Amino acid sequence: MTELRSPAPELDYSGETCQPPIRTLVPSRFRSHFRSHLMEYGVPLLLFALSVVTTTAIGARFMHNFLSGRPAVVNESDLWPWSWLLEHPSRFLLGWPFSAALLGILLTHEFGHYFACRAHGIRATLPWVLPAPTLSGTAGAVIQLRSRIPNRHALIDVGVYGPLAGYAASLIAVAVGFLLSHAAPPDATPALIAFGKPLTLNIIPMALSQIHLGTPTFEHATRHPVLIAGWVGLFITSLNLIPGGQLDGGHILYALSPRWHRIVTRILPIALLVCGFFFWVGWVLWGLILLIPAMRHPYVPIDRPLGAKRMLLCTLALAVFALTFSAEPFAGSSILGYLK
């Protein structure tokens, strides 16, 4: 996900009365450079280190359940495994496949944005991976843009290359995850969380079954944690491609038509609230996020028409959205379902 921000105005110290004393100039510059490097490198590294801990902790529990022939999440304690890990800290090592796969997907997504920014001369932060007490141990990742996007061509590239790169990484994780998974026994322990199934999770096992007999379907598999990481990657890709606000899909739609971006962004919160009632309660949160003033898209010049290359990129992004989106990513978790 990318976050656009207008660059701060530059201050003019050309007048003699505004010049700081010579004796304070070097320490001031040193402090400024230190703070700048701390924000540029220290904060992303700290957040990444914390995310390694949280995702590995969750992944350790997923792997323990997988090796026991059970679904990834059987009890609520599986989502908060800290006391279980403290009993035997060596269990922490079980979580590295899930953590490596998931963080690899997130970083691939964000570096897709980052290198698109670099190609267009747009200043951007390194990816910030956000640790969180969620199903995956993270709330995703973001980069922050420190200068304006110059035109619609750059906006398309910045918006598209993240999801496309993240989807490619997710496909690899899903394919490897299916090969590491096995068919669930008939008397398998019921799962606490029922994962939804986007189209990609129909296509990949069908393709793999042509070269690897016995590849289980997603519904009937005891899922390896790498497959769960791939599922999370697909889910995050679909969320980012929602065509509104400053989400990646919003950037793409704005580049195509600022007018339609305004219309869709106004309608989306209502549509997501309705989806929250019938499909997944989390859509309510995403509808509220799109109402936040910070999600309003800043002005980007719409000067030249889009060429065939950018239209192809937009078509690919739409196809990825169709292949990753699931109206009910977690079965039985709608507001209507909770009210029954």
# chains A, B, ... in the order shown; residues from 1 in each chain; ligands from 1

call {"tool": "residues_around", "arguments": {"residues": "region 242-256 of chain A", "least_positions_apart": "6", "cutoff": "7 Å", "atoms": "only C-alpha atoms", "output": "ChimeraX atom specification"}}
result
/A:1-3,152,155-156,159-160,264-265,290,295-297,314

call {"tool": "select_by_dssp", "arguments": {"residues": "region 134-199 of chain A", "states": "alpha helix (DSSP H)", "output": "ChimeraX atom specification"}}
result
/A:152-180

call {"tool": "closest_residue", "arguments": {"among": "A:His109, A:His212, A:Lys309, A:His88", "to": "Tyr167 (chain A)", "atoms": "only C-alpha atoms"}}
result
A:His109

call {"tool": "select_by_dssp", "arguments": {"residues": "region 148-226 of chain A", "states": "strand (DSSP E)", "output": "MDAnalysis selection string"}}
result
chainID A and resid 182:183 221:222

call {"tool": "write_last_selection", "arguments": {"atoms": "N, CA and C atoms", "output": "PDB file, in the first residue's frame"}}
result
ATOM      1  N   HIS A 182      -1.115 -31.737   2.553  1.00  0.00           N
ATOM      2  CA  HIS A 182      -1.625 -33.074   2.250  1.00  0.00           C
ATOM      3  C   HIS A 182      -3.121 -33.114   2.535  1.00  0.00           C
ATOM      4  N   ALA A 183      -3.770 -34.136   2.011  1.00  0.00           N
ATOM      5  CA  ALA A 183      -5.222 -34.244   2.167  1.00  0.00           C
ATOM      6  C   ALA A 183      -5.585 -34.416   3.638  1.00  0.00           C
ATOM      7  N   ALA A 221      -7.635 -29.801   2.329  1.00  0.00           N
ATOM      8  CA  ALA A 221      -6.217 -29.934   2.636  1.00  0.00           C
ATOM      9  C   ALA A 221      -5.940 -29.649   4.102  1.00  0.00           C
ATOM     10  N   THR A 222      -4.977 -30.375   4.659  1.00  0.00           N
ATOM     11  CA  THR A 222      -4.335 -29.944   5.895  1.00  0.00           C
ATOM     12  C   THR A 222      -3.241 -28.994   5.436  1.00  0.00           C
TER      13      THR A 222
END

call {"tool": "closest_residue", "arguments": {"among": "A:Val232, A:Ala72, A:Leu268, A:Met311", "to": "Ser170 (chain A)", "atoms": "only C-alpha atoms"}}
result
A:Val232

call {"tool": "closest_residue", "arguments": {"among": "A:Leu130, A:Val158, A:Ile105, A:Leu336", "to": "Arg118 (chain A)", "atoms": "only C-alpha atoms"}}
result
A:Val158

call {"tool": "closest_residue", "arguments": {"among": "A:Ile172, A:Met63, A:Val300, A:Ala322", "to": "Leu239 (chain A)", "atoms": "only C-alpha atoms"}}
result
A:Ala322

call {"tool": "closest_atom_pairs", "arguments": {"of": "region 164-198 of chain A", "to": "region 65-71 of chain A", "cutoff": "12 Å", "atoms": "only C-alpha atoms", "output": "Markdown table"}}
result
| residue | atom | partner | partner_atom | distance |
| --- | --- | --- | --- | --- |
| A:Gly177 | CA | A:Phe66 | CA | 11.8 |
| A:Leu180 | CA | A:Phe66 | CA | 10.4 |
| A:Ser181 | CA | A:Phe66 | CA | 8.7 |
| A:His182 | CA | A:Gly69 | CA | 9.2 |
| A:Ala183 | CA | A:Gly69 | CA | 9.7 |
| A:Ala184 | CA | A:Gly69 | CA | 7.6 |
| A:Pro185 | CA | A:Gly69 | CA | 8.3 |
| A:Pro186 | CA | A:Gly69 | CA | 11.4 |
| A:Asp187 | CA | A:Arg70 | CA | 10.2 |
| A:Ala188 | CA | A:Arg70 | CA | 6.6 |
| A:Thr189 | CA | A:Arg70 | CA | 5.9 |
| A:Pro190 | CA | A:Pro71 | CA | 7.3 |
| A:Ala191 | CA | A:Pro71 | CA | 5.5 |
| A:Leu192 | CA | A:Pro71 | CA | 8.3 |
| A:Ile193 | CA | A:Pro71 | CA | 8.8 |
| A:Ala194 | CA | A:Pro71 | CA | 9.6 |
| A:Phe195 | CA | A:Pro71 | CA | 10.7 |

call {"tool": "write_last_selection", "arguments": {"atoms": "N, CA and C atoms", "output": "JSON list (two decimals), in the first residue's frame"}}
result
[["chain", "number", "residue", "atom", "x", "y", "z"],
["A", 177, "GLY", "N", 3.13, -24.05, -1.08],
["A", 177, "GLY", "CA", 2.29, -24.46, 0.04],
["A", 177, "GLY", "C", 1.42, -25.66, -0.28],
["A", 180, "LEU", "N", 3.47, -28.80, -0.25],
["A", 180, "LEU", "CA", 3.84, -29.22, 1.10],
["A", 180, "LEU", "C", 2.64, -29.69, 1.92],
["A", 181, "SER", "N", 1.45, -29.39, 1.45],
["A", 181, "SER", "CA", 0.24, -29.78, 2.18],
["A", 181, "SER", "C", -0.16, -31.22, 1.82],
["A", 182, "HIS", "N", -1.11, -31.74, 2.55],
["A", 182, "HIS", "CA", -1.62, -33.07, 2.25],
["A", 182, "HIS", "C", -3.12, -33.11, 2.53],
["A", 183, "ALA", "N", -3.77, -34.14, 2.01],
["A", 183, "ALA", "CA", -5.22, -34.24, 2.17],
["A", 183, "ALA", "C", -5.58, -34.42, 3.64],
["A", 184, "ALA", "N", -6.63, -33.73, 4.06],
["A", 184, "ALA", "CA", -7.10, -33.83, 5.44],
["A", 184, "ALA", "C", -7.82, -35.15, 5.65],
["A", 185, "PRO", "N", -7.64, -35.80, 6.81],
["A", 185, "PRO", "CA", -8.36, -37.05, 7.09],
["A", 185, "PRO", "C", -9.85, -36.79, 7.26],
["A", 186, "PRO", "N", -10.69, -37.81, 7.05],
["A", 186, "PRO", "CA", -12.15, -37.61, 7.18],
["A", 186, "PRO", "C", -12.56, -37.13, 8.56],
["A", 187, "ASP", "N", -11.81, -37.54, 9.61],
["A", 187, "ASP", "CA", -12.18, -37.15, 10.97],
["A", 187, "ASP", "C", -11.33, -35.99, 11.47],
["A", 188, "ALA", "N", -10.94, -35.09, 10.58],
["A", 188, "ALA", "CA", -10.08, -33.97, 10.93],
["A", 188, "ALA", "C", -10.76, -33.06, 11.95],
["A", 189, "THR", "N", -9.97, -32.46, 12.83],
["A", 189, "THR", "CA", -10.48, -31.51, 13.82],
["A", 189, "THR", "C", -11.08, -30.31, 13.10],
["A", 190, "PRO", "N", -12.26, -29.85, 13.51],
["A", 190, "PRO", "CA", -12.86, -28.68, 12.85],
["A", 190, "PRO", "C", -11.99, -27.44, 13.05],
["A", 191, "ALA", "N", -11.93, -26.62, 12.03],
["A", 191, "ALA", "CA", -11.14, -25.38, 12.10],
["A", 191, "ALA", "C", -11.96, -24.28, 12.75],
["A", 192, "LEU", "N", -11.28, -23.43, 13.52],
["A", 192, "LEU", "CA", -11.96, -22.29, 14.12],
["A", 192, "LEU", "C", -12.23, -21.22, 13.07],
["A", 193, "ILE", "N", -11.33, -21.07, 12.12],
["A", 193, "ILE", "CA", -11.47, -20.06, 11.07],
["A", 193, "ILE", "C", -11.58, -20.76, 9.72],
["A", 194, "ALA", "N", -12.62, -20.45, 8.99],
["A", 194, "ALA", "CA", -12.83, -21.01, 7.65],
["A", 194, "ALA", "C", -12.39, -19.98, 6.62],
["A", 195, "PHE", "N", -11.28, -20.25, 5.95],
["A", 195, "PHE", "CA", -10.75, -19.31, 4.98],
["A", 195, "PHE", "C", -11.57, -19.34, 3.70]]

call {"tool": "closest_residue", "arguments": {"among": "A:Gly332, A:Gly233, A:Gly276, A:Gly59", "to": "Pro97 (chain A)", "atoms": "only C-alpha atoms"}}
result
A:Gly59

call {"tool": "closest_residue", "arguments": {"among": "A:Ala132, A:Glu40, A:Gly104, A:Asn75", "to": "Thr54 (chain A)", "atoms": "only C-alpha atoms"}}
result
A:Ala132

call {"tool": "atom_distance", "arguments": {"atom1": "CA of Leu79 (chain A)", "atom2": "CA of Leu135 (chain A)"}}
result
6.2 Å

call {"tool": "atom_distance", "arguments": {"atom1": "CA of Tyr114 (chain A)", "atom2": "CA of Val174 (chain A)"}}
result
24.2 Å

call {"tool": "residues_around", "arguments": {"residues": "Ala169 (chain A)", "least_positions_apart": "4", "cutoff": "7 Å", "atoms": "only C-alpha atoms", "output": "short mmCIF file (atom, residue, chain, number, x, y, z; two decimals) with C-alpha atoms, in the first residue's frame"}}
result
data_model
loop_
_atom_site.label_atom_id
_atom_site.label_comp_id
_atom_site.auth_asym_id
_atom_site.auth_seq_id
_atom_site.Cartn_x
_atom_site.Cartn_y
_atom_site.Cartn_z
CA ILE A 105 5.37 -11.36 -0.12
CA THR A 108 8.03 -7.82 -2.73
CA ALA A 165 4.79 -8.05 -7.75
CA ALA A 173 4.00 -19.27 -1.93
#

call {"tool": "atom_distance", "arguments": {"atom1": "CA of Trp286 (chain A)", "atom2": "CA of Leu45 (chain A)"}}
result
27.5 Å

call {"tool": "residues_around", "arguments": {"residues": "Leu171 (chain A)", "least_positions_apart": "5", "cutoff": "9 Å", "atoms": "only C-alpha atoms", "output": "list in words"}}
result
Gly166, Val176, Thr200, Ile204, Gly230, Gly233 and Leu234 of chain A

call {"tool": "write_last_selection", "arguments": {"atoms": "N, CA, C and O atoms", "output": "PDB file, in the first residue's frame"}}
result
ATOM      1  N   GLY A 166       3.449  -8.348  -5.737  1.00  0.00           N
ATOM      2  CA  GLY A 166       2.951  -9.105  -4.577  1.00  0.00           C
ATOM      3  C   GLY A 166       2.157 -10.330  -4.990  1.00  0.00           C
ATOM      4  O   GLY A 166       2.247 -11.381  -4.343  1.00  0.00           O
ATOM      5  N   VAL A 176       4.018 -23.579  -3.664  1.00  0.00           N
ATOM      6  CA  VAL A 176       4.863 -24.342  -2.741  1.00  0.00           C
ATOM      7  C   VAL A 176       4.037 -24.872  -1.577  1.00  0.00           C
ATOM      8  O   VAL A 176       4.202 -26.020  -1.144  1.00  0.00           O
ATOM      9  N   THR A 200      -7.907 -17.861  -7.580  1.00  0.00           N
ATOM     10  CA  THR A 200      -6.533 -18.365  -7.680  1.00  0.00           C
ATOM     11  C   THR A 200      -6.385 -19.716  -6.994  1.00  0.00           C
ATOM     12  O   THR A 200      -5.643 -20.589  -7.460  1.00  0.00           O
ATOM     13  N   ILE A 204      -4.636 -22.898  -9.094  1.00  0.00           N
ATOM     14  CA  ILE A 204      -3.315 -23.440  -8.775  1.00  0.00           C
ATOM     15  C   ILE A 204      -3.356 -24.949  -8.509  1.00  0.00           C
ATOM     16  O   ILE A 204      -2.561 -25.700  -9.093  1.00  0.00           O
ATOM     17  N   GLY A 230       0.603 -17.704   1.689  1.00  0.00           N
ATOM     18  CA  GLY A 230       0.187 -17.361   0.334  1.00  0.00           C
ATOM     19  C   GLY A 230      -1.238 -16.851   0.307  1.00  0.00           C
ATOM     20  O   GLY A 230      -1.558 -15.894  -0.422  1.00  0.00           O
ATOM     21  N   GLY A 233      -1.232 -13.376   1.461  1.00  0.00           N
ATOM     22  CA  GLY A 233      -0.740 -12.522   0.388  1.00  0.00           C
ATOM     23  C   GLY A 233      -1.809 -12.207  -0.643  1.00  0.00           C
ATOM     24  O   GLY A 233      -1.943 -11.061  -1.093  1.00  0.00           O
ATOM     25  N   LEU A 234      -2.598 -13.203  -1.020  1.00  0.00           N
ATOM     26  CA  LEU A 234      -3.702 -12.972  -1.955  1.00  0.00           C
ATOM     27  C   LEU A 234      -4.743 -12.031  -1.358  1.00  0.00           C
ATOM     28  O   LEU A 234      -5.252 -11.128  -2.048  1.00  0.00           O
TER      29      LEU A 234
END

call {"tool": "residues_around", "arguments": {"residues": "Lys197 (chain A)", "least_positions_apart": "3", "cutoff": "8 Å", "atoms": "only C-alpha atoms", "output": "PyMOL selection string"}}
result
chain A and resi 200-202+218+326+329

call {"tool": "write_last_selection", "arguments": {"atoms": "N, CA and C atoms", "output": "compact mmCIF listing (two decimals), in the first residue's frame"}}
result
# COMPACT_ATOMS: atom_id res chain seq x y z
N THR A 200 -7.91 -17.86 -7.58
CA THR A 200 -6.53 -18.36 -7.68
C THR A 200 -6.38 -19.72 -6.99
N LEU A 201 -7.09 -19.91 -5.89
CA LEU A 201 -6.97 -21.16 -5.14
C LEU A 201 -7.76 -22.30 -5.77
N ASN A 202 -8.50 -22.02 -6.82
CA ASN A 202 -9.06 -23.07 -7.67
C ASN A 202 -8.10 -23.43 -8.79
N PHE A 218 -8.02 -26.89 -1.89
CA PHE A 218 -7.86 -26.01 -0.73
C PHE A 218 -8.81 -26.40 0.40
N SER A 326 -12.39 -12.06 -2.66
CA SER A 326 -13.43 -12.94 -2.12
C SER A 326 -14.34 -12.10 -1.24
N PRO A 329 -14.11 -13.52 2.83
CA PRO A 329 -12.79 -14.11 3.08
C PRO A 329 -12.74 -15.01 4.31
